[in-house]
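Chemist: As input, take work.cif (mmCIF, C-alpha atoms):
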```
data_model
#
loop_
_atom_site.group_PDB
_atom_site.id
_atom_site.type_symbol
_atom_site.label_atom_id
_atom_site.label_comp_id
_atom_site.auth_asym_id
_atom_site.auth_seq_id
_atom_site.Cartn_x
_atom_site.Cartn_y
_atom_site.Cartn_z
ATOM 1 C CA MET A 5 -72.160 85.061 113.517
ATOM 2 C CA ARG A 6 -75.741 84.692 112.403
ATOM 3 C CA ARG A 7 -76.948 83.152 109.201
ATOM 4 C CA LEU A 8 -80.359 83.600 107.673
ATOM 5 C CA VAL A 9 -81.262 80.838 105.286
ATOM 6 C CA ASN A 10 -83.984 82.271 103.122
ATOM 7 C CA ASP A 11 -82.713 81.615 99.626
ATOM 8 C CA PHE A 12 -85.505 79.438 98.315
ATOM 9 C CA THR A 13 -83.670 78.734 95.069
ATOM 10 C CA ARG A 14 -81.151 76.678 97.033
ATOM 11 C CA SER A 15 -82.021 73.191 98.182
ATOM 12 C CA PRO A 16 -81.342 72.242 101.811
ATOM 13 C CA GLU A 17 -79.097 69.414 100.624
ATOM 14 C CA THR A 18 -76.628 71.844 99.084
ATOM 15 C CA ALA A 19 -76.784 74.577 101.711
ATOM 16 C CA PRO A 20 -73.500 75.028 103.583
ATOM 17 C CA VAL A 21 -73.278 73.870 107.173
ATOM 18 C CA ASP A 22 -71.270 75.645 109.839
ATOM 19 C CA THR A 23 -71.366 75.466 113.592
ATOM 20 C CA GLY A 24 -72.269 79.100 114.226
ATOM 21 C CA PRO A 25 -75.863 79.970 115.033
ATOM 22 C CA LEU A 26 -78.305 78.948 112.362
ATOM 23 C CA LEU A 27 -81.378 81.009 111.554
ATOM 24 C CA LEU A 28 -83.956 79.177 109.488
ATOM 25 C CA THR A 29 -87.455 79.751 108.229
ATOM 26 C CA SER A 30 -90.208 77.694 109.869
ATOM 27 C CA GLU A 31 -90.307 74.892 107.316
ATOM 28 C CA LEU A 32 -89.869 71.164 107.798
ATOM 29 C CA LYS A 33 -87.677 71.014 104.688
ATOM 30 C CA TRP A 34 -84.799 72.210 106.879
ATOM 31 C CA LEU A 35 -84.851 69.152 109.146
ATOM 32 C CA ALA A 36 -82.020 67.433 107.274
ATOM 33 C CA GLU A 37 -79.882 70.555 107.506
ATOM 34 C CA VAL A 38 -80.646 70.860 111.222
ATOM 35 C CA ARG A 39 -79.353 67.287 111.681
ATOM 36 C CA LYS A 40 -76.178 68.071 109.711
ATOM 37 C CA TRP A 41 -75.558 71.108 111.901
ATOM 38 C CA VAL A 42 -76.123 69.146 115.137
ATOM 39 C CA GLN A 43 -73.809 66.392 113.902
ATOM 40 C CA LYS A 44 -71.059 68.900 113.246
ATOM 41 C CA VAL A 45 -71.485 70.646 116.603
ATOM 42 C CA GLY A 46 -71.678 67.319 118.432
ATOM 43 C CA ARG A 47 -68.588 65.859 116.771
ATOM 44 C CA GLN A 48 -66.554 68.995 117.404
ATOM 45 C CA SER A 49 -67.464 68.842 121.090
ATOM 46 C CA GLY A 50 -66.421 65.189 121.397
ATOM 47 C CA LEU A 51 -69.891 63.801 122.043
ATOM 48 C CA SER A 52 -70.124 59.996 121.874
ATOM 49 C CA GLN A 53 -71.954 58.457 118.906
ATOM 50 C CA GLU A 54 -74.819 57.208 121.066
ATOM 51 C CA ALA A 55 -75.245 60.583 122.756
ATOM 52 C CA LEU A 56 -75.106 62.293 119.370
ATOM 53 C CA SER A 57 -77.886 60.034 118.052
ATOM 54 C CA ASP A 58 -80.009 60.991 121.053
ATOM 55 C CA LEU A 59 -79.322 64.682 120.562
ATOM 56 C CA LEU A 60 -80.116 64.520 116.840
ATOM 57 C CA MET A 61 -83.532 63.096 117.583
ATOM 58 C CA ALA A 62 -84.254 65.504 120.434
ATOM 59 C CA VAL A 63 -83.302 68.586 118.414
ATOM 60 C CA GLY A 64 -85.344 67.345 115.460
ATOM 61 C CA GLU A 65 -88.359 67.080 117.738
ATOM 62 C CA ALA A 66 -87.795 70.613 119.035
ATOM 63 C CA PHE A 67 -87.492 72.076 115.534
ATOM 64 C CA THR A 68 -90.596 70.202 114.358
ATOM 65 C CA ASN A 69 -92.494 71.431 117.425
ATOM 66 C CA CYS A 70 -91.613 75.032 116.547
ATOM 67 C CA VAL A 71 -92.740 74.638 112.926
ATOM 68 C CA LYS A 72 -95.980 72.837 113.750
ATOM 69 C CA HIS A 73 -97.081 74.425 116.995
ATOM 70 C CA ALA A 74 -95.347 77.803 117.377
ATOM 71 C CA TYR A 75 -96.020 78.788 113.770
ATOM 72 C CA GLY A 76 -98.869 76.426 112.818
ATOM 73 C CA MET A 77 -96.946 75.323 109.684
ATOM 74 C CA GLU A 78 -96.819 78.912 108.397
ATOM 75 C CA PRO A 79 -93.469 79.092 106.562
ATOM 76 C CA ASP A 80 -92.505 82.703 107.278
ATOM 77 C CA GLY A 81 -91.550 82.310 110.942
ATOM 78 C CA ARG A 82 -87.973 82.345 112.232
ATOM 79 C CA ILE A 83 -86.243 79.608 114.221
ATOM 80 C CA GLN A 84 -82.732 80.074 115.563
ATOM 81 C CA LEU A 85 -80.410 77.282 116.646
ATOM 82 C CA SER A 86 -77.281 77.936 118.668
ATOM 83 C CA SER A 87 -74.940 75.859 120.786
ATOM 84 C CA SER A 88 -72.965 76.152 123.980
ATOM 85 C CA VAL A 89 -70.172 73.824 125.027
ATOM 86 C CA THR A 90 -68.466 73.585 128.410
ATOM 87 C CA ASP A 91 -66.014 71.018 129.777
ATOM 88 C CA HIS A 92 -68.993 69.019 131.019
ATOM 89 C CA HIS A 93 -71.838 69.344 128.561
ATOM 90 C CA ILE A 94 -73.107 70.487 125.201
ATOM 91 C CA GLY A 95 -76.256 72.565 124.952
ATOM 92 C CA ILE A 96 -78.369 73.128 121.858
ATOM 93 C CA HIS A 97 -80.755 76.068 122.032
ATOM 94 C CA ILE A 98 -83.758 76.360 119.720
ATOM 95 C CA ARG A 99 -85.610 79.676 119.788
ATOM 96 C CA ASP A 100 -88.800 80.657 117.988
ATOM 97 C CA TRP A 101 -90.874 83.817 118.047
ATOM 98 C CA GLY A 102 -94.274 82.213 117.468
ATOM 99 C CA THR A 103 -96.974 81.067 119.860
ATOM 100 C CA SER A 104 -95.360 80.194 123.176
ATOM 101 C CA PHE A 105 -95.317 76.561 124.250
ATOM 102 C CA PRO A 106 -98.141 75.935 126.777
ATOM 103 C CA VAL A 107 -95.698 74.817 129.431
ATOM 104 C CA PHE A 108 -98.248 74.689 132.254
ATOM 105 C CA ASP A 109 -100.773 72.661 130.239
ATOM 106 C CA TYR A 110 -98.330 69.976 129.141
ATOM 107 C CA THR A 111 -99.004 66.417 130.269
ATOM 108 C CA GLU A 112 -96.888 63.419 129.386
ATOM 109 C CA PRO A 113 -98.405 60.744 127.154
ATOM 110 C CA ASP A 114 -99.965 57.726 128.844
ATOM 111 C CA LEU A 115 -97.477 55.032 127.850
ATOM 112 C CA SER A 116 -99.907 52.232 128.612
ATOM 113 C CA GLU A 117 -101.580 53.092 125.290
ATOM 114 C CA ALA A 118 -100.238 53.626 121.769
ATOM 115 C CA HIS A 119 -100.677 57.145 120.426
ATOM 116 C CA GLU A 120 -100.493 58.632 116.951
ATOM 117 C CA GLY A 121 -98.967 61.840 118.329
ATOM 118 C CA GLY A 122 -97.800 63.541 121.491
ATOM 119 C CA TYR A 123 -94.405 61.863 121.943
ATOM 120 C CA GLY A 124 -92.270 64.848 120.872
ATOM 121 C CA ILE A 125 -91.654 66.618 124.182
ATOM 122 C CA PHE A 126 -91.524 63.275 126.001
ATOM 123 C CA LEU A 127 -88.730 62.074 123.694
ATOM 124 C CA MET A 128 -86.878 65.384 124.075
ATOM 125 C CA LYS A 129 -86.854 64.793 127.836
ATOM 126 C CA GLN A 130 -85.911 61.132 127.615
ATOM 127 C CA LEU A 131 -83.109 61.620 125.104
ATOM 128 C CA THR A 132 -81.347 64.493 126.883
ATOM 129 C CA ASP A 133 -79.749 64.878 130.298
ATOM 130 C CA ARG A 134 -81.577 68.160 130.839
ATOM 131 C CA LEU A 135 -84.375 69.934 128.985
ATOM 132 C CA GLU A 136 -85.284 73.559 129.658
ATOM 133 C CA ILE A 137 -88.356 75.223 128.148
ATOM 134 C CA ASP A 138 -88.241 78.996 128.579
ATOM 135 C CA VAL A 139 -91.318 81.089 127.768
ATOM 136 C CA SER A 140 -90.254 84.106 129.850
ATOM 137 C CA ASP A 141 -89.393 86.301 126.853
ATOM 138 C CA PRO A 142 -92.547 86.334 124.696
ATOM 139 C CA PRO A 143 -93.441 85.920 121.985
ATOM 140 C CA GLY A 144 -92.094 82.444 121.502
ATOM 141 C CA THR A 145 -90.226 79.696 123.265
ATOM 142 C CA SER A 146 -86.623 78.759 123.835
ATOM 143 C CA PHE A 147 -85.827 75.064 124.152
ATOM 144 C CA SER A 148 -82.422 74.184 125.617
ATOM 145 C CA LEU A 149 -81.307 70.568 125.333
ATOM 146 C CA TYR A 150 -78.211 69.363 127.167
ATOM 147 C CA LYS A 151 -76.088 66.234 126.883
ATOM 148 C CA THR A 152 -73.244 65.424 129.236
ATOM 149 C CA LEU A 153 -69.870 65.009 127.558
ATOM 150 C CA GLY A 154 -68.173 61.721 128.244
ATOM 151 C CA GLY A 155 -71.498 59.966 128.899
ATOM 152 C CA ASN A 156 -73.876 57.941 126.762
ATOM 153 C CA MET B 20 -85.910 58.136 102.785
ATOM 154 C CA GLU B 21 -86.444 55.292 100.368
ATOM 155 C CA LEU B 22 -89.393 52.892 100.374
ATOM 156 C CA LYS B 23 -89.115 49.528 98.634
ATOM 157 C CA CYS B 24 -92.055 47.125 98.460
ATOM 158 C CA THR B 25 -91.899 43.353 98.081
ATOM 159 C CA ARG B 26 -94.971 41.140 98.122
ATOM 160 C CA TYR B 27 -94.858 37.684 99.730
ATOM 161 C CA ASP B 28 -98.251 36.112 98.960
ATOM 162 C CA ASP B 29 -100.724 38.239 100.919
ATOM 163 C CA VAL B 30 -98.070 40.057 102.952
ATOM 164 C CA LEU B 31 -96.590 43.354 101.795
ATOM 165 C CA ALA B 32 -93.056 43.967 103.086
ATOM 166 C CA ILE B 33 -91.908 47.575 102.999
ATOM 167 C CA SER B 34 -88.198 48.269 103.434
ATOM 168 C CA ILE B 35 -87.606 51.775 104.794
ATOM 169 C CA THR B 36 -84.073 53.127 104.497
ATOM 170 C CA GLY B 37 -82.564 56.495 105.360
ATOM 171 C CA GLU B 38 -84.252 59.063 107.579
ATOM 172 C CA LEU B 39 -87.982 59.179 108.373
ATOM 173 C CA ASP B 40 -89.147 62.499 109.786
ATOM 174 C CA ALA B 41 -92.014 64.982 109.789
ATOM 175 C CA GLU B 42 -90.930 66.316 106.403
ATOM 176 C CA ASN B 43 -91.215 63.048 104.478
ATOM 177 C CA VAL B 44 -93.640 60.961 106.559
ATOM 178 C CA GLU B 45 -96.474 61.782 104.147
ATOM 179 C CA HIS B 46 -94.846 59.520 101.539
ATOM 180 C CA LEU B 47 -95.169 56.565 103.901
ATOM 181 C CA LEU B 48 -98.719 57.487 104.923
ATOM 182 C CA ASP B 49 -99.703 57.758 101.244
ATOM 183 C CA LEU B 50 -98.267 54.295 100.559
ATOM 184 C CA PHE B 51 -100.114 52.805 103.542
ATOM 185 C CA GLU B 52 -103.376 54.366 102.386
ATOM 186 C CA LYS B 53 -102.945 53.239 98.779
ATOM 187 C CA GLU B 54 -102.222 49.652 99.786
ATOM 188 C CA GLU B 55 -105.025 49.572 102.317
ATOM 189 C CA ASN B 56 -107.491 50.866 99.719
ATOM 190 C CA SER B 57 -106.442 48.034 97.416
ATOM 191 C CA GLY B 58 -107.208 45.475 100.129
ATOM 192 C CA THR B 59 -103.835 44.769 101.754
ATOM 193 C CA THR B 60 -104.158 44.148 105.509
ATOM 194 C CA ARG B 61 -100.892 42.339 106.280
ATOM 195 C CA PHE B 62 -97.782 44.503 106.424
ATOM 196 C CA VAL B 63 -94.176 43.996 107.518
ATOM 197 C CA LEU B 64 -91.814 46.938 107.880
ATOM 198 C CA GLU B 65 -88.157 46.021 107.356
ATOM 199 C CA LEU B 66 -86.210 48.655 109.295
ATOM 200 C CA GLY B 67 -82.582 47.506 109.179
ATOM 201 C CA GLY B 68 -81.613 50.501 107.037
ATOM 202 C CA LEU B 69 -83.670 53.092 108.892
ATOM 203 C CA GLU B 70 -81.043 55.361 110.451
ATOM 204 C CA TYR B 71 -83.351 57.959 111.972
ATOM 205 C CA ILE B 72 -86.982 58.149 113.012
ATOM 206 C CA ASP B 73 -88.845 60.893 114.833
ATOM 207 C CA SER B 74 -92.205 61.009 116.609
ATOM 208 C CA SER B 75 -93.987 61.700 113.309
ATOM 209 C CA GLY B 76 -92.659 58.404 111.965
ATOM 210 C CA LEU B 77 -93.695 56.592 115.124
ATOM 211 C CA GLY B 78 -97.138 58.169 114.829
ATOM 212 C CA ALA B 79 -97.459 56.896 111.251
ATOM 213 C CA PHE B 80 -96.587 53.357 112.419
ATOM 214 C CA VAL B 81 -99.188 53.518 115.206
ATOM 215 C CA LYS B 82 -101.875 54.964 112.935
ATOM 216 C CA HIS B 83 -101.394 52.169 110.426
ATOM 217 C CA LEU B 84 -101.150 49.524 113.144
ATOM 218 C CA LYS B 85 -104.584 50.511 114.478
ATOM 219 C CA SER B 86 -106.042 50.634 110.999
ATOM 220 C CA THR B 87 -104.754 47.204 109.960
ATOM 221 C CA ARG B 88 -105.807 45.547 113.229
ATOM 222 C CA ASN B 89 -109.296 47.023 112.813
ATOM 223 C CA SER B 90 -109.386 45.290 109.422
ATOM 224 C CA GLY B 91 -108.269 41.962 110.860
ATOM 225 C CA GLY B 92 -104.660 42.354 109.738
ATOM 226 C CA ASP B 93 -101.495 43.597 111.377
ATOM 227 C CA LEU B 94 -98.402 45.720 110.942
ATOM 228 C CA LYS B 95 -95.291 43.903 112.123
ATOM 229 C CA LEU B 96 -91.821 45.369 112.524
ATOM 230 C CA SER B 97 -88.564 43.608 111.721
ATOM 231 C CA ALA B 98 -84.770 44.031 111.741
ATOM 232 C CA LEU B 99 -84.733 47.079 114.004
ATOM 233 C CA SER B 100 -81.669 49.310 114.010
ATOM 234 C CA PRO B 101 -80.441 50.264 117.509
ATOM 235 C CA GLU B 102 -81.766 53.812 117.081
ATOM 236 C CA VAL B 103 -85.278 52.638 116.213
ATOM 237 C CA ALA B 104 -85.255 49.989 118.942
ATOM 238 C CA LYS B 105 -84.365 52.647 121.505
ATOM 239 C CA VAL B 106 -87.283 54.984 120.719
ATOM 240 C CA LEU B 107 -89.723 52.091 120.590
ATOM 241 C CA GLU B 108 -88.510 51.039 124.019
ATOM 242 C CA LEU B 109 -88.675 54.572 125.473
ATOM 243 C CA THR B 110 -92.272 54.994 124.292
ATOM 244 C CA ARG B 111 -93.122 51.390 125.249
ATOM 245 C CA LEU B 112 -94.355 50.837 121.715
ATOM 246 C CA ASP B 113 -92.103 47.768 121.691
ATOM 247 C CA GLN B 114 -94.862 46.165 123.768
ATOM 248 C CA VAL B 115 -97.541 47.091 121.225
ATOM 249 C CA PHE B 116 -95.952 45.964 117.962
ATOM 250 C CA ASP B 117 -95.078 42.393 117.038
ATOM 251 C CA ILE B 118 -91.321 42.761 116.451
ATOM 252 C CA GLN B 119 -89.311 40.055 114.709
ATOM 253 C CA GLU B 120 -85.627 39.572 114.010
ATOM 254 C CA ASN B 121 -86.006 39.718 110.259
ATOM 255 C CA CYS B 122 -88.566 40.112 107.500
ATOM 256 C CA GLU B 123 -88.903 36.377 106.852
ATOM 257 C CA ALA B 124 -89.701 35.653 110.484
ATOM 258 C CA ALA B 125 -92.314 38.417 110.505
ATOM 259 C CA CYS B 126 -93.974 37.025 107.360
ATOM 260 C CA GLU B 127 -94.004 33.550 108.875
ATOM 261 C CA ARG B 128 -95.760 34.889 111.979
ATOM 262 C CA PHE B 129 -98.740 35.866 109.849
ATOM 263 C CA HIS B 130 -99.116 32.349 108.546
ATOM 264 C CA ALA B 131 -98.432 30.749 111.922
ATOM 265 C CA VAL B 132 -101.446 32.498 113.459
ATOM 266 C CA SER B 133 -103.831 32.377 110.470
#
```
Now that the file is in, can you turn its structure into structure tokens?
Modeler:
Amino acid sequence: MRRLVNDFTRSPETAPVDTGPLLLTSELKWLAEVRKWVQKVGRQSGLSQEALSDLLMAVGEAFTNCVKHAYGMEPDGRIQLSSSVTDHHIGIHIRDWGTSFPVFDYTEPDLSEAHEGGYGIFLMKQLTDRLEIDVSDPPGTSFSLYKTLGGN
Amino acid sequence: MELKCTRYDDVLAISITGELDAENVEHLLDLFEKEENSGTTRFVLELGGLEYIDSSGLGAFVKHLKSTRNSGGDLKLSALSPEVAKVLELTRLDQVFDIQENCEAACERFHAVS
């Protein structure tokens, strides 16, 4: 099932949440709904509270990255979220069709200094058990974030 | 996200509750700028009710930290929730900010070093 949320007369707070794939426009106003969706998927899969908190933050960073960098804050892009659950892990997949993530140019932030930006991808890596960034099907990027079930 | 300000002499304490993310971080940045323009240089953030923060929120903290320290003041953090403490630790920003157990202790630190 696929759901396109493009009814701008409806506020994100009142939009229904289900655990099927979620197709959203590239706007930061959907961040709260993204978190609600991840919470529902995570709870249904039996993820621990600590692992769910990590996943919420990591997925939020991925969605924000798509809005800001793939689409340059232009609101008419599409971002799809979907999930996969096995006996061992939960995966959240965030796909955009904007400018592909510059995967070969990425460098981690120098943690010996404080920065005003640049922590997003770093936190996605730190807060998940596995992060995959796929740019092999342009245009766009697919982020896959995995947490192990039964772990922290 | 809700912002609540309380002034203790020359220190402005800002309680942040709820969720701080890229969508609403501008509200916090606007408050920082307004207070800085009116001469406030000593800030304490009370974060016991902050349930969620993303890298945009962290970036706002760092931006204001640098700005206040350049003006001879500081931005101190207090009453961290476990979620906020974890991201500060991961980014090693826990070594950059002065972090206190509660708002009162953070306010006292200003006067202890002045």
Chemist: Write out as a PyMOL selection string every residue belonging to chain A that has an atom at most 7 Å from any atom of chain B, counting all atoms listed in the file.
Modeler: chain A and resi 32-33+61+65+115+118-121+123-124
Chemist: So that I can check the surroundings of stretch 53-60 of chain A, please list as JSON, numbers by chain every protein, DNA and RNA residue that reaches within 8 Å of it, counting only C-alpha atoms and ignoring chain neighbours fewer than 5 positions away.
Modeler: {"A": [39, 42, 43, 46, 47, 131, 132, 149, 151, 155, 156], "B": [102]}
Chemist: Using all atoms listed in the file, can you tell me which of B:Ala125, B:Leu39, B:Asp117, B:Leu69 comes closest to A:Leu35?
Modeler: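 Smallest distance to A:Leu35 is found for B:Leu39.
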Chemist: So that I can see what lies close to B:Gly58, please list as a short mmCIF file (atom, residue, chain, number, x, y, z; two decimals) with C-alpha atoms, in the frame of the given file the residues with an atom at most 10 Å from it, counting only C-alpha atoms and leaving out residues fewer than 6 positions away in the same chain.
Modeler:
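File written: out.cif
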```cif
data_model
loop_
_atom_site.label_atom_id
_atom_site.label_comp_id
_atom_site.auth_asym_id
_atom_site.auth_seq_id
_atom_site.Cartn_x
_atom_site.Cartn_y
_atom_site.Cartn_z
CA ASP B 29 -100.72 38.24 100.92
CA GLU B 52 -103.38 54.37 102.39
CA SER B 90 -109.39 45.29 109.42
#
```
Chemist: Between atom CA of B:Cys126 and atom CA of B:Glu45, what distance in Å does the model show, to one decimal?
Modeler: 25.1 Å
Chemist: When you look at stretch 73-80 of chain A with a cut-off of 9 Å (counting all atoms listed in the file), what residues show up, excluding the ones that are within fewer than 6 positions of it in the same chain? I need them as a count of residues only.
Modeler: 12
Chemist: Please report the interatomic distance between atom CA of B:Leu66 and atom CA of A:Arg134 in Å with one decimal.
Modeler: 29.4 Å
Chemist: Using the file's own x, y and z axes, what box holds all listed atoms of stretch 70-82 of chain A with 5 Å on each side, keeping edges along x, y and z, and what are its centre and edge lengths in Å to one decimal, as AutoDock Vina command-line options?
Modeler:
```
--center_x -93.4 --center_y 77.8 --center_z 112.0 --size_x 20.9 --size_y 19.9 --size_z 20.8
```
Chemist: For a test of reading the model, state the distance in Å between atom CA of B:Asn56 and atom CA of B:Val103, rounded to one decimal.
Modeler: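 So the two atoms, atom CA of B:Asn56 and atom CA of B:Val103, lie 27.7 Å apart.
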Chemist: Could you tell me which residues the PyMOL selection byres ((chain B and resi 130) around 12) grabs in this file, written as a list in words?
Modeler: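 When the PyMOL selection byres ((chain B and resi 130) around 12) is applied, the selected residues are Tyr27, Asp28, Asp29, Val30, Arg61, Gly92, Asp93, Glu123, Ala124, Ala125, Cys126, Glu127, Arg128, Phe129, Ala131, Val132 and Ser133 of chain B.
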Chemist: For the provided coordinates, the residues matched by the PyMOL selection byres ((chain B and resi 96) around 9) should be stated as an mmCIF file with C-alpha atoms, in the frame of the given file.
Modeler:
```
data_model
loop_
_atom_site.group_PDB
_atom_site.id
_atom_site.type_symbol
_atom_site.label_atom_id
_atom_site.label_comp_id
_atom_site.auth_asym_id
_atom_site.auth_seq_id
_atom_site.Cartn_x
_atom_site.Cartn_y
_atom_site.Cartn_z
ATOM 1 C CA PHE B 62 -97.782 44.503 106.424
ATOM 2 C CA VAL B 63 -94.176 43.996 107.518
ATOM 3 C CA LEU B 64 -91.814 46.938 107.880
ATOM 4 C CA GLU B 65 -88.157 46.021 107.356
ATOM 5 C CA LEU B 66 -86.210 48.655 109.295
ATOM 6 C CA LEU B 94 -98.402 45.720 110.942
ATOM 7 C CA LYS B 95 -95.291 43.903 112.123
ATOM 8 C CA SER B 97 -88.564 43.608 111.721
ATOM 9 C CA ALA B 98 -84.770 44.031 111.741
ATOM 10 C CA LEU B 99 -84.733 47.079 114.004
ATOM 11 C CA PHE B 116 -95.952 45.964 117.962
ATOM 12 C CA ASP B 117 -95.078 42.393 117.038
ATOM 13 C CA ILE B 118 -91.321 42.761 116.451
ATOM 14 C CA GLN B 119 -89.311 40.055 114.709
ATOM 15 C CA GLU B 120 -85.627 39.572 114.010
ATOM 16 C CA ASN B 121 -86.006 39.718 110.259
ATOM 17 C CA CYS B 122 -88.566 40.112 107.500
ATOM 18 C CA ALA B 125 -92.314 38.417 110.505
#
```
Chemist: Between A:Pro113, A:Ala36, A:Ser52, A:Leu28, single out the one closest to A:Val71, counting all atoms listed in the file.
Modeler: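 Counting all atoms listed in the file, the residue closest to A:Val71 is A:Leu28.
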Chemist: Do you know which residues lie at most 6 Å from (-85.8, 55.2, 102.4), with coordinates as in the file and all atoms listed in the file counted, and could you write them as a PyMOL selection string?
Modeler: chain B and resi 20-22+35-37
Chemist: Compute the distance from (-82.4, 79.2, 128.7) to each atom, counting all atoms listed in the file, keep the residues with any atom at most 7 Å away, and return them as a PDB file with C-alpha atoms, keeping the file's coordinate frame; use the coordinates of the file.
Modeler:
```pdb
ATOM      1  CA  GLU A 136     -85.284  73.559 129.658  1.00  0.00           C
ATOM      2  CA  ASP A 138     -88.241  78.996 128.579  1.00  0.00           C
ATOM      3  CA  SER A 146     -86.623  78.759 123.835  1.00  0.00           C
ATOM      4  CA  SER A 148     -82.422  74.184 125.617  1.00  0.00           C
TER       5      SER A 148
END
```
